[in-house]
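What follows is the content of run_25.txt, which has compact mmCIF, C-alpha atoms (C1' of nucleotides):
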# COMPACT_ATOMS: atom_id res chain seq x y z
CA MET A 30 0.00 0.00 0.00
CA TRP A 31 1.21 3.40 -0.74
CA TYR A 32 0.70 5.68 2.21
CA ASN A 33 4.35 6.20 2.69
CA VAL A 34 5.11 9.62 4.05
CA ASP A 35 8.81 9.59 3.22
CA GLY A 36 9.34 11.44 0.02
CA ASP A 37 6.09 13.38 0.17
CA SER A 38 6.74 16.86 -1.07
CA MET A 39 4.92 19.98 -2.11
CA ASP A 40 6.47 20.28 -5.52
CA ARG A 41 5.27 17.03 -6.99
CA ILE A 42 2.31 17.25 -9.33
CA ILE A 43 0.53 13.98 -9.88
CA PHE A 44 -2.38 13.25 -12.21
CA HIS A 45 -4.82 10.43 -11.64
CA ILE A 46 -6.77 9.56 -14.76
CA ASP A 47 -9.90 7.48 -14.32
CA VAL A 48 -12.21 6.35 -17.13
CA ASN A 49 -15.85 7.20 -16.36
CA ASN A 50 -18.01 4.08 -16.14
CA ALA A 51 -15.24 2.23 -17.93
CA PHE A 52 -16.85 -1.11 -18.75
CA LEU A 53 -20.15 0.46 -19.69
CA SER A 54 -18.60 3.20 -21.83
CA TRP A 55 -16.32 0.78 -23.59
CA SER A 56 -19.13 -1.67 -24.27
CA ALA A 57 -21.24 1.22 -25.56
CA ILE A 58 -18.57 2.19 -28.07
CA ASP A 59 -18.08 -1.39 -29.15
CA LEU A 60 -21.81 -1.91 -29.64
CA LEU A 61 -22.04 1.28 -31.74
CA ILE A 62 -19.16 0.11 -33.93
CA ASN A 63 -20.97 -3.17 -34.44
CA GLY A 64 -24.11 -1.52 -35.71
CA PHE A 65 -26.05 -1.05 -32.52
CA LYS A 66 -28.37 1.89 -33.07
CA GLU A 67 -28.43 3.31 -29.56
CA ASP A 68 -25.74 4.43 -27.18
CA ILE A 69 -26.29 2.42 -24.00
CA ARG A 70 -24.68 5.22 -22.02
CA ASN A 71 -27.94 7.09 -22.56
CA TYR A 72 -30.16 4.34 -21.08
CA ASP A 73 -30.65 2.91 -17.67
CA ALA A 74 -28.11 0.21 -18.37
CA VAL A 75 -25.54 -1.91 -16.58
CA ILE A 76 -22.79 -4.35 -17.44
CA GLY A 77 -23.54 -7.45 -15.44
CA GLY A 78 -22.35 -10.97 -14.82
CA ASP A 79 -24.13 -14.11 -15.87
CA GLU A 80 -27.11 -14.82 -13.64
CA SER A 81 -27.45 -18.40 -14.89
CA ARG A 82 -24.01 -18.98 -13.41
CA ARG A 83 -24.98 -17.19 -10.23
CA ALA A 84 -22.54 -14.44 -11.15
CA GLY A 85 -25.28 -11.88 -11.52
CA ILE A 86 -23.86 -8.69 -10.14
CA VAL A 87 -23.51 -5.15 -11.47
CA LEU A 88 -19.99 -4.54 -12.82
CA ALA A 89 -20.63 -1.03 -14.17
CA LYS A 90 -23.60 1.30 -14.49
CA SER A 91 -24.70 4.17 -16.70
CA MET A 92 -25.37 7.60 -15.21
CA GLY A 93 -29.09 6.93 -15.55
CA ALA A 94 -28.83 3.67 -13.65
CA LYS A 95 -26.73 5.41 -11.02
CA LYS A 96 -29.46 8.01 -10.54
CA LYS A 97 -31.91 5.19 -9.82
CA GLY A 98 -29.67 4.17 -6.93
CA ILE A 99 -27.95 1.21 -8.55
CA ILE A 100 -24.52 0.54 -7.15
CA THR A 101 -21.60 -1.51 -8.43
CA GLY A 102 -21.48 -4.95 -6.88
CA GLU A 103 -25.16 -5.36 -6.11
CA THR A 104 -27.14 -8.23 -7.58
CA LEU A 105 -28.92 -7.76 -10.86
CA TYR A 106 -32.04 -8.91 -9.10
CA SER A 107 -31.80 -6.03 -6.67
CA ALA A 108 -30.82 -3.59 -9.44
CA ARG A 109 -33.92 -4.54 -11.42
CA LYS A 110 -36.10 -3.92 -8.41
CA LYS A 111 -34.78 -0.36 -8.29
CA CYS A 112 -35.14 0.08 -12.02
CA PRO A 113 -37.60 -2.28 -13.76
CA GLY A 114 -36.65 -1.19 -17.30
CA LEU A 115 -32.96 -1.83 -16.71
CA LYS A 116 -30.96 -3.14 -19.67
CA VAL A 117 -28.20 -5.61 -18.82
CA TYR A 118 -25.24 -6.30 -21.10
CA PRO A 119 -22.51 -8.88 -20.64
CA PRO A 120 -18.90 -7.83 -20.14
CA ASN A 121 -16.40 -8.16 -22.97
CA TYR A 122 -12.94 -8.21 -21.48
CA TYR A 123 -11.18 -8.40 -24.80
CA VAL A 124 -12.76 -5.09 -25.80
CA TYR A 125 -11.89 -3.59 -22.42
CA GLN A 126 -8.26 -4.53 -22.71
CA THR A 127 -8.09 -3.02 -26.19
CA LYS A 128 -9.66 0.27 -25.06
CA SER A 129 -7.42 0.33 -22.03
CA ASN A 130 -4.35 -0.10 -24.20
CA SER A 131 -5.48 2.70 -26.50
CA LEU A 132 -5.74 5.06 -23.55
CA PHE A 133 -2.30 4.24 -22.19
CA THR A 134 -0.79 4.49 -25.66
CA LEU A 135 -2.26 7.97 -26.08
CA LEU A 136 -0.90 9.06 -22.71
CA SER A 137 2.54 7.67 -23.40
CA LYS A 138 2.95 10.24 -26.20
CA TYR A 139 3.34 12.81 -23.44
CA THR A 140 5.36 11.02 -20.80
CA PRO A 141 6.88 7.65 -20.03
CA ASP A 142 6.12 8.21 -16.35
CA ILE A 143 2.78 6.43 -16.28
CA GLU A 144 1.82 4.01 -13.56
CA ILE A 145 -0.94 1.71 -14.71
CA PHE A 146 -3.04 1.18 -11.61
CA SER A 147 -5.84 -0.91 -13.08
CA ILE A 148 -7.46 -1.53 -16.43
CA ASP A 149 -9.08 1.92 -16.36
CA GLU A 150 -6.86 4.02 -14.11
CA CYS A 151 -3.37 5.39 -14.08
CA PHE A 152 -1.10 7.95 -12.47
CA ILE A 153 1.15 10.39 -14.29
CA ASP A 154 4.06 12.23 -12.74
CA TYR A 155 3.32 15.58 -14.35
CA GLY A 156 5.94 17.46 -12.35
CA LYS A 157 8.62 15.76 -14.43
CA VAL A 158 7.24 17.06 -17.73
CA LYS A 159 5.70 20.35 -16.64
CA LYS A 160 8.41 22.39 -18.29
CA LEU A 161 7.48 20.78 -21.59
CA TYR A 162 3.73 21.28 -21.41
CA GLY A 163 3.18 24.15 -19.04
CA ASP A 164 0.39 24.80 -16.58
CA GLU A 165 -1.05 21.57 -15.22
CA LEU A 166 -4.70 22.59 -15.26
CA ILE A 167 -4.60 23.80 -18.84
CA PHE A 168 -2.81 20.63 -19.88
CA ALA A 169 -5.24 18.40 -17.97
CA ASN A 170 -8.16 20.02 -19.73
CA LYS A 171 -6.59 19.56 -23.14
CA LEU A 172 -5.76 15.97 -22.33
CA LYS A 173 -9.28 15.19 -21.17
CA ASP A 174 -10.72 16.61 -24.39
CA GLU A 175 -8.21 14.81 -26.57
CA ILE A 176 -9.13 11.49 -24.98
CA GLN A 177 -12.81 12.10 -25.59
CA GLU A 178 -12.24 13.23 -29.16
CA LYS A 179 -9.86 10.48 -30.23
CA LEU A 180 -11.07 7.55 -28.16
CA GLY A 181 -14.75 8.32 -27.69
CA PHE A 182 -15.01 8.03 -23.93
CA THR A 183 -14.65 10.46 -21.05
CA VAL A 184 -12.33 10.51 -18.08
CA ASN A 185 -11.99 12.30 -14.80
CA ILE A 186 -8.58 13.70 -13.99
CA GLY A 187 -7.53 14.40 -10.43
CA LEU A 188 -4.54 16.58 -9.62
CA GLY A 189 -2.65 16.55 -6.36
CA ASN A 190 0.79 16.75 -4.81
CA ASN A 191 0.82 12.99 -4.37
CA LYS A 192 -0.94 9.90 -5.67
CA LEU A 193 -3.39 9.62 -2.83
CA CYS A 194 -4.69 13.16 -3.28
CA ALA A 195 -4.79 12.84 -7.06
CA LYS A 196 -6.83 9.69 -6.68
CA MET A 197 -9.21 11.23 -4.18
CA ALA A 198 -9.63 14.25 -6.48
CA SER A 199 -10.52 12.25 -9.57
CA ASP A 200 -13.33 10.70 -7.57
CA PHE A 201 -15.05 13.97 -6.65
CA LEU A 202 -17.75 14.83 -9.18
CA LYS A 203 -18.18 12.76 -12.35
CA PRO A 204 -18.17 12.47 -15.30
CA ASN A 205 -15.81 14.32 -17.61
CA MET A 206 -14.39 16.59 -14.93
CA ILE A 207 -11.09 17.85 -13.61
CA HIS A 208 -10.52 18.41 -9.90
CA THR A 209 -7.57 19.42 -7.81
CA LEU A 210 -6.71 18.38 -4.29
CA PHE A 211 -3.42 20.09 -3.60
CA ASN A 212 -1.94 20.08 -0.12
CA ASP A 213 -3.43 23.45 0.78
CA GLU A 214 -6.90 22.25 -0.23
CA ILE A 215 -7.01 19.09 1.86
CA LYS A 216 -8.83 20.61 4.80
CA ASP A 217 -11.47 22.30 2.72
CA LYS A 218 -12.11 19.64 0.14
CA MET A 219 -11.45 16.34 1.90
CA TRP A 220 -12.01 16.63 5.61
CA SER A 221 -15.77 17.03 5.42
CA LEU A 222 -16.19 13.79 3.43
CA PRO A 223 -17.58 10.71 5.18
CA ILE A 224 -14.90 8.35 6.41
CA GLU A 225 -15.72 5.58 3.95
CA GLU A 226 -14.70 7.82 1.05
CA LEU A 227 -11.06 7.65 2.07
CA PHE A 228 -9.04 5.34 -0.13
CA GLY A 229 -8.08 2.25 1.85
CA ILE A 230 -10.98 2.48 4.30
CA GLY A 231 -13.48 -0.25 3.53
CA LYS A 232 -16.64 -1.43 5.17
CA LYS A 233 -15.11 -3.19 8.16
CA THR A 234 -12.76 -0.37 9.07
CA SER A 235 -15.32 2.39 8.59
CA THR A 236 -17.77 0.56 10.84
CA LYS A 237 -15.13 0.33 13.54
CA LEU A 238 -14.17 3.97 13.09
CA ARG A 239 -17.76 5.15 13.30
CA GLY A 240 -18.11 3.12 16.47
CA LEU A 241 -15.30 5.28 17.85
CA ASN A 242 -17.19 8.39 16.76
CA ILE A 243 -14.89 9.04 13.83
CA ASN A 244 -17.30 9.88 11.06
CA THR A 245 -15.45 12.09 8.61
CA ILE A 246 -12.01 12.06 7.06
CA GLY A 247 -11.30 15.18 9.12
CA ASP A 248 -12.20 13.31 12.33
CA LEU A 249 -9.63 10.68 11.44
CA ALA A 250 -7.03 13.26 10.43
CA ASN A 251 -7.26 14.83 13.87
CA ALA A 252 -7.74 11.65 15.86
CA ASP A 253 -5.53 10.73 18.79
CA PHE A 254 -3.09 8.04 17.68
CA ASP A 255 -3.04 6.38 21.10
CA LYS A 256 -6.81 6.11 21.13
CA LEU A 257 -6.92 4.28 17.80
CA ALA A 258 -3.76 2.20 18.02
CA PRO A 259 -5.27 -0.59 20.14
CA TYR A 260 -7.93 -1.15 17.47
CA PHE A 261 -5.91 -0.76 14.28
CA LYS A 262 -2.37 -1.70 15.29
CA ASN A 263 0.14 -0.96 12.54
CA GLN A 264 -2.57 0.40 10.26
CA THR A 265 -3.23 3.33 12.58
CA ILE A 266 -0.47 5.63 11.45
CA LYS A 267 -1.14 4.86 7.79
CA MET A 268 -4.81 5.70 8.18
CA ILE A 269 -4.13 8.97 9.96
CA ASN A 270 -1.55 9.96 7.35
CA ALA A 271 -4.00 9.17 4.57
CA ALA A 272 -6.66 11.31 6.20
CA ASN A 273 -4.11 14.14 6.27
CA GLY A 274 -3.47 13.63 2.57
CA LYS A 275 0.08 12.44 3.17
CA ASP A 276 1.59 9.96 0.76
CA GLY A 277 5.16 9.78 -0.45
CA SER A 278 4.87 6.80 -2.74
CA PRO A 279 6.43 7.32 -6.16
CA VAL A 280 4.82 6.89 -9.56
CA ILE A 281 6.24 3.59 -10.75
CA SER A 282 6.14 3.27 -14.48
CA GLU A 283 7.90 -0.06 -14.93
CA GLN A 284 5.46 -2.86 -15.25
CA VAL A 285 6.10 -5.01 -12.24
CA GLU A 286 5.41 -8.66 -12.68
CA SER A 287 2.58 -10.01 -10.60
CA LYS A 288 3.55 -11.98 -7.55
CA GLY A 289 0.96 -14.65 -8.16
CA ILE A 290 -1.83 -15.56 -10.51
CA SER A 291 -5.19 -17.03 -9.74
CA ASN A 292 -8.26 -18.33 -11.44
CA SER A 293 -11.56 -19.18 -9.85
CA THR A 294 -15.08 -19.87 -10.91
CA THR A 295 -18.49 -19.77 -9.34
CA LEU A 296 -20.33 -22.91 -10.39
CA ASP A 297 -23.87 -22.83 -11.70
CA HIS A 298 -24.78 -25.33 -9.00
CA ASP A 299 -23.12 -26.42 -5.80
CA LEU A 300 -20.70 -29.30 -6.19
CA LYS A 301 -21.09 -32.23 -3.85
CA THR A 302 -18.50 -34.81 -4.92
CA SER A 303 -14.73 -34.79 -5.14
CA GLU A 304 -14.89 -36.02 -8.70
CA GLU A 305 -16.84 -32.95 -9.78
CA ILE A 306 -14.46 -30.63 -7.99
CA TYR A 307 -11.41 -32.40 -9.43
CA LYS A 308 -12.64 -31.67 -12.94
CA VAL A 309 -12.91 -27.98 -12.23
CA LEU A 310 -9.52 -27.99 -10.54
CA HIS A 311 -8.03 -29.62 -13.61
CA VAL A 312 -9.34 -26.95 -15.98
CA ILE A 313 -8.18 -24.20 -13.67
CA ALA A 314 -4.75 -25.79 -13.17
CA ASP A 315 -4.37 -26.02 -16.92
CA ASN A 316 -5.40 -22.39 -17.47
CA LEU A 317 -2.94 -21.15 -14.90
CA CYS A 318 -0.05 -23.37 -15.95
CA THR A 319 -0.54 -22.43 -19.59
CA ALA A 320 -0.30 -18.77 -18.58
CA LEU A 321 2.80 -19.42 -16.48
CA ARG A 322 4.48 -21.31 -19.29
CA GLU A 323 3.82 -18.41 -21.64
CA GLN A 324 5.55 -16.15 -19.16
CA HIS A 325 8.35 -18.65 -18.54
CA ARG A 326 7.61 -18.56 -14.86
CA TYR A 327 7.16 -21.19 -12.16
CA ALA A 328 5.08 -21.32 -9.02
CA CYS A 329 6.52 -22.29 -5.65
CA VAL A 330 3.20 -22.18 -3.79
CA VAL A 331 -0.11 -23.74 -4.78
CA VAL A 332 -3.26 -22.56 -3.00
CA VAL A 333 -6.69 -24.12 -3.40
CA ILE A 334 -9.61 -21.85 -2.57
CA LEU A 335 -13.19 -22.96 -1.92
CA LYS A 336 -16.37 -21.12 -1.07
CA ASP A 337 -19.31 -22.90 0.40
CA ARG A 338 -22.96 -22.09 -0.12
CA TYR A 339 -22.86 -19.64 2.78
CA PHE A 340 -20.11 -17.77 0.94
CA LYS A 341 -17.55 -18.65 3.55
CA SER A 342 -14.16 -19.17 1.99
CA TYR A 343 -11.48 -21.66 2.86
CA SER A 344 -7.97 -22.07 1.57
CA HIS A 345 -5.26 -24.61 1.86
CA GLN A 346 -1.78 -24.24 0.45
CA MET A 347 1.44 -26.09 -0.14
CA LYS A 348 4.93 -24.75 -0.57
CA LEU A 349 6.98 -26.65 -3.11
CA ASN A 350 10.67 -27.40 -3.01
CA ASN A 351 10.79 -26.85 -6.76
CA GLY A 352 8.82 -24.34 -8.76
CA THR A 353 6.51 -25.83 -11.36
CA ASN A 354 4.32 -24.87 -14.27
CA ILE A 355 3.45 -28.42 -15.23
CA THR A 356 -0.29 -28.89 -15.40
CA SER A 357 -0.32 -32.44 -14.11
CA GLU A 358 1.82 -31.50 -11.12
CA VAL A 359 -0.29 -28.53 -10.13
CA PHE A 360 -3.43 -30.56 -10.64
CA GLY A 361 -2.05 -33.39 -8.51
CA ILE A 362 -1.15 -31.01 -5.69
CA SER A 363 -4.54 -29.31 -5.93
CA LYS A 364 -6.33 -32.63 -5.60
CA LYS A 365 -4.29 -33.46 -2.54
CA LEU A 366 -4.99 -30.06 -1.00
CA LEU A 367 -8.69 -30.45 -1.70
CA ASP A 368 -8.77 -33.88 -0.09
CA GLU A 369 -7.06 -32.50 3.00
CA MET A 370 -9.28 -29.48 3.44
CA TRP A 371 -12.74 -30.26 2.15
CA ASN A 372 -15.35 -30.95 4.82
CA LEU A 373 -17.85 -32.31 2.27
CA GLU A 374 -20.09 -29.24 2.48
CA PRO A 375 -21.49 -28.32 -0.97
CA ILE A 376 -19.13 -26.02 -2.83
CA ARG A 377 -20.12 -22.87 -4.69
CA LEU A 378 -16.74 -21.64 -5.91
CA VAL A 379 -13.50 -23.38 -6.76
CA GLY A 380 -10.22 -21.59 -7.37
CA ILE A 381 -6.48 -22.02 -7.48
CA ARG A 382 -3.84 -19.42 -6.85
CA LEU A 383 -0.23 -19.93 -7.88
CA ASP A 384 2.08 -17.86 -5.74
CA ASN A 385 5.76 -17.09 -5.13
CA LEU A 386 6.38 -17.04 -8.86
CA VAL A 387 9.96 -17.32 -10.03
CA LYS A 388 11.72 -16.93 -13.35
CA GLU A 389 13.73 -20.11 -13.23
CA VAL A 390 13.93 -23.33 -11.34
CA ASN A 391 16.94 -25.18 -10.20
CA TYR A 392 15.24 -28.48 -10.16
CA GLN A 393 16.29 -30.75 -7.37
CA MET A 394 15.06 -34.27 -7.75
CA SER A 395 13.66 -35.96 -4.75
CA LEU A 396 15.02 -39.35 -3.92
CA PHE A 397 12.50 -41.47 -5.73
CA GLU A 398 11.63 -39.70 -8.93
CA SER A 399 13.35 -39.70 -12.25
CA ASN A 400 14.12 -36.61 -14.20
CA GLU A 401 13.04 -38.44 -17.33
CA ASP A 402 9.41 -38.50 -16.19
CA ARG A 403 9.49 -34.80 -15.52
CA THR A 404 10.95 -34.00 -18.88
CA LYS A 405 8.26 -36.11 -20.50
CA VAL A 406 5.33 -34.31 -18.88
CA SER A 407 6.99 -31.00 -19.55
CA LYS A 408 7.24 -31.88 -23.23
CA LEU A 409 3.60 -32.94 -23.30
CA ASP A 410 2.57 -29.55 -21.93
CA LYS A 411 4.73 -27.85 -24.54
CA THR A 412 3.07 -29.81 -27.33
CA VAL A 413 -0.37 -28.84 -26.04
CA ASP A 414 0.70 -25.20 -25.79
CA ASP A 415 1.94 -25.23 -29.36
CA LEU A 416 -1.35 -26.65 -30.56
CA LYS A 417 -3.22 -24.00 -28.65
CA ILE A 418 -1.15 -21.28 -30.26
CA LYS A 419 -1.69 -22.79 -33.68
CA TYR A 420 -5.38 -23.63 -33.50
CA GLY A 421 -6.78 -21.55 -30.66
CA HIS A 422 -7.24 -22.23 -27.00
CA ASN A 423 -10.35 -24.34 -27.30
CA VAL A 424 -9.22 -27.03 -29.71
CA ILE A 425 -7.52 -29.21 -27.22
CA GLY A 426 -8.27 -30.20 -23.69
CA ASN A 427 -7.75 -33.15 -21.50
CA ALA A 428 -9.84 -36.10 -22.70
CA TYR A 429 -10.92 -36.56 -19.12
CA LEU A 430 -12.79 -33.27 -19.34
CA LYS A 431 -14.46 -33.74 -22.67
CA ASP A 432 -18.21 -33.23 -22.93
CA ASP A 433 -18.43 -32.29 -19.36
CA ASN A 434 -21.09 -29.78 -18.54
CA ILE A 435 -18.94 -28.04 -15.98
CA ILE A 436 -16.52 -27.07 -18.70
CA LYS A 437 -19.13 -25.59 -20.97
CA LYS A 438 -19.80 -22.94 -18.42
CA TYR A 439 -16.21 -22.16 -18.09
C1' DT B 9 -32.67 -15.36 -7.26
C1' DC B 10 -27.99 -12.30 -2.35
C1' DT B 11 -23.14 -11.73 -2.96
C1' DG B 12 -17.61 -11.97 -9.84
C1' DG B 13 -12.92 -12.46 -10.50
C1' DG B 14 -8.16 -10.97 -10.11
C1' DG B 15 -5.03 -8.94 -7.39
C1' DT B 16 -2.10 -6.94 -2.98
C1' DC B 17 -0.95 -6.52 1.70
C1' DC B 18 -1.44 -7.54 6.63
C1' DT B 19 -2.05 -10.34 10.90
C1' DA B 20 -1.99 -14.02 14.05
C1' DG B 21 -0.55 -18.34 15.39
C1' DG B 22 2.30 -22.45 15.10
C1' DA B 23 6.68 -24.86 14.11
C1' DC B 24 11.33 -24.84 14.53
C1' DC B 25 15.95 -23.35 15.66
C1' DC B 26 19.39 -21.16 18.54
C1' DT C 10 10.75 -31.06 35.73
C1' DC C 11 10.11 -26.45 34.39
C1' DT C 12 11.29 -22.42 32.02
C1' DG C 13 13.32 -18.22 28.73
C1' DG C 14 13.35 -15.13 24.49
C1' DG C 15 14.30 -13.96 19.57
C1' DG C 16 14.05 -14.81 14.84
C1' DT C 17 12.37 -16.89 10.68
C1' DC C 18 9.36 -19.42 7.91
C1' DC C 19 4.93 -21.11 6.88
C1' DT C 20 -0.14 -21.21 6.84
C1' DA C 21 -4.98 -19.57 7.05
C1' DG C 22 -7.83 -15.95 6.97
C1' DG C 23 -9.20 -11.14 6.48
C1' DA C 24 -9.49 -6.47 4.46
C1' DC C 25 -9.33 -3.77 0.64
C1' DC C 26 -8.96 -2.35 -4.20
C1' DC C 27 -10.78 -2.16 -9.18
So, in terms of structure tokens, how does the structure I just supplied come out?
Amino acid sequence: MWYNVDGDSMDRIIFHIDVNNAFLSWSAIDLLINGFKEDIRNYDAVIGGDESRRAGIVLAKSMGAKKKGIITGETLYSARKKCPGLKVYPPNYYVYQTKSNSLFTLLSKYTPDIEIFSIDECFIDYGKVKKLYGDELIFANKLKDEIQEKLGFTVNIGLGNNKLCAKMASDFLKPNMIHTLFNDEIKDKMWSLPIEELFGIGKKTSTKLRGLNINTIGDLANADFDKLAPYFKNQTIKMINAANGKDGSPVISEQVESKGISNSTTLDHDLKTSEEIYKVLHVIADNLCTALREQHRYACVVVVILKDRYFKSYSHQMKLNNGTNITSEVFGISKKLLDEMWNLEPIRLVGIRLDNLVKEVNYQMSLFESNEDRTKVSKLDKTVDDLKIKYGHNVIGNAYLKDDNIIKKY
DNA sequence: TCTGGGGTCCTAGGACCC
DNA sequence: TCTGGGGTCCTAGGACCC
């Protein structure tokens, strides 16, 4: 997390650029390109998950839907109750990635100092290029308009002396707006906001804070450290700094490799037998290992994640002596982990996370295995990967999984 | 008809070693 | 027979973000 006070300084100028209703805007543009007559941004519309797979939640909403009180993350069922005429469209992640890339490409004309924060958000260290482009507000306005003109969607841009303030600023009033939250504006513009608006303060923490009669960001900014410390331990100082708009974390433009990758799926019905769960684990293990092999990376930790019908989640993990990206190995470990952890309660979600990723393995054979076997399975994976590259990801799968209805949903 | 999927970071407790 | 800390590594779970 980036509330790091060291390095915070007045003379930095940071932009936070945030696409307005990203998924919905991007889907709207894509639909228009494909001959759709209406712009779904002008309806009461949402991008939503697949209800038949029990993934029916709101991922993004139009301004109209927002006005009806629909919030991101709520069930489509509940959203429809608020807005009976609601239109629901499925997400298209391929389109989103393309639009996202087009935004970052446009921005990189101006500066290499861009930190990609998520698919629809980034930070720019404007201080470093100010002498090239001049006044930050004038530039921000031009940039905002250029994005709308060339890419067809709107953004909010927040300006501050650090990333935290820039991010808070871009969130003020939407859409298509520019806001500043410089150090001398923190009291006036941020302290009156309710505590849950502060970045990093979620539901659990805000409930606890309100219980301590801390209701606004200003209350937290001026809170007594010793009073809060027993409740929030090491987080206390970070929270108080954040409420004071202090953050020294740098804009990091190099793409850092992820520390782990995961894949999980909510099933369309609860699974009740190991055999059913194994099949899902196998597909997931293959997805993840294929991705790792593409990146030439290896996992040293395998985690199996389950959610039961009450939405309670469980995990079980194993650290490996040797990193692996071999599907059959990860699948084998996952099965073992499942067998150890599963209490036979019906399962709603199955996932695997591969962690502690490394670039190379110095493979050390255990006493009883032969390196030949390992080379063989590795080669098999490679052959499958090559076929996938040549003919597409769906042409080949494990025969074990063929014609299985779990896979169709996947 | 409650509640996606992919991440990061933190905490607490246990094992183990010195 | 009972009793120490300190440090590190590992695991499970939680909180938060988009």
Exercise for review: Would you mind listing what lies within 12 Å of DC18 (chain C) as number ranges by chain, with only C-alpha atoms (C1' of nucleotides) counted and same-chain residues fewer than 4 positions away left out?
Suggested key: A: 348; B: 22-25
Exercise for review: Using only C-alpha atoms (C1' of nucleotides), give me every residue within 7 Å of (-12.1, -16.8, -11.1) in file coordinates, as an NGL selection string.
Suggested key: (:A and (292-294 or 380)) or (:B and (13))
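Using all atoms listed in the file for every distance, the candidate list A:Ile69, A:Ala271, A:Leu249, A:Cys112 yields A:Cys112 as the residue closest to Gly98 (chain A).
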Exercise for review: For chain B, work out the contacting residues on chain A at 7 Å, counting all atoms listed in the file, and write them as a VMD selection string.
Suggested key: chain A and resid 30 78 84 104 106 291 293
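Counting from CA of Lys256 (chain A), the distance to CA of Ile215 (chain A) is 23.2 Å.
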List the spatial neighbours of region 307-314 of chain A as a CSV table (one decimal) with C-alpha atoms, in the coordinates of the input - criterion: any atom at most 7 Å away, all atoms listed in the file, same-chain residues fewer than 6 positions off excluded.
chain,number,residue,atom,x,y,z
A,292,ASN,CA,-8.3,-18.3,-11.4
A,356,THR,CA,-0.3,-28.9,-15.4
A,359,VAL,CA,-0.3,-28.5,-10.1
A,360,PHE,CA,-3.4,-30.6,-10.6
A,363,SER,CA,-4.5,-29.3,-5.9
A,364,LYS,CA,-6.3,-32.6,-5.6
A,381,ILE,CA,-6.5,-22.0,-7.5
A,430,LEU,CA,-12.8,-33.3,-19.3
Check your understanding: What lies within 9 Å of region 258-269 of chain A using only C-alpha atoms (C1' of nucleotides), ignoring chain neighbours under 2 positions off, as a ChimeraX atom specification?
Key -> /A:31-34,227,229-230,234,237,246,249-256,271-275 /B:18
